[in-house]
Amino acid sequence: MQMALAEARLAAARGEVPVGAVLVYGSNVVARDGNRTRERTDPTAHAEMLVIRSGAAALGAERLLNCDLYVTLEPCAMCAAALSFARIRRLYYGAADPKGGAVESGPRFYQQPTCHHAPEVYGGIAERQAAEVLRAFFRDRR
């Protein structure tokens with residue numbers, strides 16, 4: 001999670017909402033990145049989406065079986081669905097997102113009958129640090 005937090009801080013330095021993600025296969029980091037929606041003018045360039053794309057390319061597989069994802073903020077509906085389609089094994093996230101989250105907040109994507117695969121979910125990992133990175137980013141913009 002510390003690597004994901006570092007990616008979130010780099011995203012903040014680029015003027016992006018500070019969310020960072022790291023994809024791990026076994027004991028190897030396969031991909032790491034932070035939000036790049038503004039930089040790429042791409043609303044889908046969330047940290048989770050970027051590491052899923054990079055991880056799939058690096059592993060040469062559309063399904064990331066036995067991969068774990070660490071992300072600093074609870075994934076939104078788009079990212080939760082992408083994790084499901086990619087067959088991510090475990091999701092570890094930092095801060096909950098009551099407004100935009102879709103895992104344990106909002107629509108609770110993995111609890112829906114239409115969800116084909118639900119990763120194991122562990123929330124609240126380095127939650128205080130993840131929340132502070134976000135708070136500082138938005139505080140500086142007000």
# chains A, B, ... in the order shown; residues from 1 in each chain; ligands from 1
>>> closest_atom_pairs(of="range 6-46 of chain A", to="range 68-76 of chain A", cutoff="6 Å", atoms="only C-alpha atoms", output="Markdown table")
| residue | atom | partner | partner_atom | distance |
| --- | --- | --- | --- | --- |
| A:Val19 | CA | A:Thr72 | CA | 5.7 |
| A:Gly20 | CA | A:Thr72 | CA | 5.7 |
| A:Ala21 | CA | A:Val71 | CA | 4.2 |
| A:Val22 | CA | A:Tyr70 | CA | 5.1 |
| A:Leu23 | CA | A:Leu69 | CA | 4.6 |
| A:Val24 | CA | A:Asp68 | CA | 5.2 |
>>> select_by_dssp(residues="range 18-139 of chain A", states="alpha helix (DSSP H)", output="count of residues only")
40
>>> residues_around(residues="Glu39 in chain A", least_positions_apart="3", cutoff="9 Å", atoms="only C-alpha atoms", output="PDB file with all heavy atoms, in the first residue's frame")
ATOM      1  N   ARG A  14       0.929  16.004 -10.277  1.00  0.00           N
ATOM      2  CA  ARG A  14       0.561  16.261 -11.683  1.00  0.00           C
ATOM      3  C   ARG A  14      -0.767  17.003 -11.794  1.00  0.00           C
ATOM      4  O   ARG A  14      -1.235  17.263 -12.899  1.00  0.00           O
ATOM      5  CB  ARG A  14       0.427  14.931 -12.450  1.00  0.00           C
ATOM      6  CG  ARG A  14       1.683  14.142 -12.649  1.00  0.00           C
ATOM      7  CD  ARG A  14       1.470  12.980 -13.626  1.00  0.00           C
ATOM      8  NE  ARG A  14       0.458  12.030 -13.208  1.00  0.00           N
ATOM      9  CZ  ARG A  14       0.669  10.954 -12.450  1.00  0.00           C
ATOM     10  NH1 ARG A  14       1.885  10.695 -11.995  1.00  0.00           N
ATOM     11  NH2 ARG A  14      -0.326  10.143 -12.137  1.00  0.00           N
ATOM     12  N   GLY A  15      -1.400  17.275 -10.651  1.00  0.00           N
ATOM     13  CA  GLY A  15      -2.694  17.948 -10.662  1.00  0.00           C
ATOM     14  C   GLY A  15      -3.869  17.002 -10.812  1.00  0.00           C
ATOM     15  O   GLY A  15      -4.993  17.434 -11.058  1.00  0.00           O
ATOM     16  N   GLU A  16      -3.621  15.720 -10.672  1.00  0.00           N
ATOM     17  CA  GLU A  16      -4.672  14.701 -10.768  1.00  0.00           C
ATOM     18  C   GLU A  16      -5.231  14.414  -9.380  1.00  0.00           C
ATOM     19  O   GLU A  16      -4.540  14.588  -8.373  1.00  0.00           O
ATOM     20  CB  GLU A  16      -4.096  13.388 -11.326  1.00  0.00           C
ATOM     21  CG  GLU A  16      -3.442  13.495 -12.679  1.00  0.00           C
ATOM     22  CD  GLU A  16      -4.433  13.464 -13.834  1.00  0.00           C
ATOM     23  OE1 GLU A  16      -5.652  13.326 -13.596  1.00  0.00           O
ATOM     24  OE2 GLU A  16      -3.980  13.569 -14.984  1.00  0.00           O
ATOM     25  N   ASN A  35      -3.822   8.160 -11.010  1.00  0.00           N
ATOM     26  CA  ASN A  35      -4.803   8.738 -11.926  1.00  0.00           C
ATOM     27  C   ASN A  35      -4.114   9.593 -12.981  1.00  0.00           C
ATOM     28  O   ASN A  35      -3.154  10.312 -12.688  1.00  0.00           O
ATOM     29  CB  ASN A  35      -5.788   9.611 -11.153  1.00  0.00           C
ATOM     30  CG  ASN A  35      -6.895   8.810 -10.515  1.00  0.00           C
ATOM     31  OD1 ASN A  35      -6.991   7.601 -10.673  1.00  0.00           O
ATOM     32  ND2 ASN A  35      -7.759   9.499  -9.785  1.00  0.00           N
ATOM     33  N   ARG A  36      -4.625   9.531 -14.196  1.00  0.00           N
ATOM     34  CA  ARG A  36      -4.101  10.329 -15.313  1.00  0.00           C
ATOM     35  C   ARG A  36      -5.233  10.822 -16.214  1.00  0.00           C
ATOM     36  O   ARG A  36      -5.055  10.977 -17.419  1.00  0.00           O
ATOM     37  CB  ARG A  36      -3.095   9.517 -16.128  1.00  0.00           C
ATOM     38  CG  ARG A  36      -1.829   9.202 -15.359  1.00  0.00           C
ATOM     39  CD  ARG A  36      -0.838   8.395 -16.201  1.00  0.00           C
ATOM     40  NE  ARG A  36       0.328   8.046 -15.417  1.00  0.00           N
ATOM     41  CZ  ARG A  36       1.401   8.821 -15.247  1.00  0.00           C
ATOM     42  NH1 ARG A  36       1.463   9.999 -15.828  1.00  0.00           N
ATOM     43  NH2 ARG A  36       2.415   8.415 -14.517  1.00  0.00           N
ATOM     44  N   ASP A  42      -8.820  11.593 -20.633  1.00  0.00           N
ATOM     45  CA  ASP A  42      -9.488  10.297 -20.724  1.00  0.00           C
ATOM     46  C   ASP A  42     -10.187  10.004 -19.405  1.00  0.00           C
ATOM     47  O   ASP A  42      -9.523   9.745 -18.393  1.00  0.00           O
ATOM     48  CB  ASP A  42      -8.439   9.217 -21.026  1.00  0.00           C
ATOM     49  CG  ASP A  42      -9.013   7.816 -21.084  1.00  0.00           C
ATOM     50  OD1 ASP A  42     -10.228   7.621 -20.859  1.00  0.00           O
ATOM     51  OD2 ASP A  42      -8.217   6.886 -21.337  1.00  0.00           O
ATOM     52  N   ALA A  45      -9.078   6.900 -17.380  1.00  0.00           N
ATOM     53  CA  ALA A  45      -7.682   6.739 -16.967  1.00  0.00           C
ATOM     54  C   ALA A  45      -7.525   6.796 -15.447  1.00  0.00           C
ATOM     55  O   ALA A  45      -6.653   7.479 -14.918  1.00  0.00           O
ATOM     56  CB  ALA A  45      -6.799   7.766 -17.660  1.00  0.00           C
TER      57      ALA A  45
END
>>> atom_distance(atom1="CA of Ala86 in chain A", atom2="CA of Val133 in chain A")
27.6 Å
>>> closest_atom_pairs(of="range 15-85 of chain A", to="range 104-116 of chain A", cutoff="7 Å", atoms="only C-alpha atoms", output="CSV")
residue,atom,partner,partner_atom,distance
A:Ala77,CA,A:Phe109,CA,6.8
A:Ala80,CA,A:Phe109,CA,6.7
A:Ser84,CA,A:His116,CA,7.0
>>> residues_around(residues="Glu62 in chain A", least_positions_apart="4", cutoff="10 Å", atoms="only C-alpha atoms", output="list of chain:residue names")
A:Ile52, A:Arg53, A:Gly55, A:Ala56, A:Ala57, A:Phe85, A:Ala86, A:Arg87
>>> closest_residue(among="A:Met78, A:Ala13, A:Ala95, A:Leu50", to="Glu127 in chain A", atoms="only C-alpha atoms")
A:Ala95
>>> select_by_dssp(residues="chain A", states="strand (DSSP E or B)", output="count of residues only")
29
>>> residues_around(residues="range 89-91 of chain A", least_positions_apart="6", cutoff="6 Å", atoms="only C-alpha atoms", output="list of chain:residue names")
A:Asn66, A:Cys67, A:Asp68, A:Leu69, A:Pro119, A:Glu120, A:Val121
>>> residues_around(residues="Arg135 in chain A", least_positions_apart="2", cutoff="12 Å", atoms="only C-alpha atoms", output="ChimeraX atom specification")
/A:9,12,17-19,95,128-133,137-142
>>> closest_residue(among="A:Ala96, A:Leu59, A:Val103, A:Cys79", to="Ala126 in chain A", atoms="only C-alpha atoms")
A:Ala96
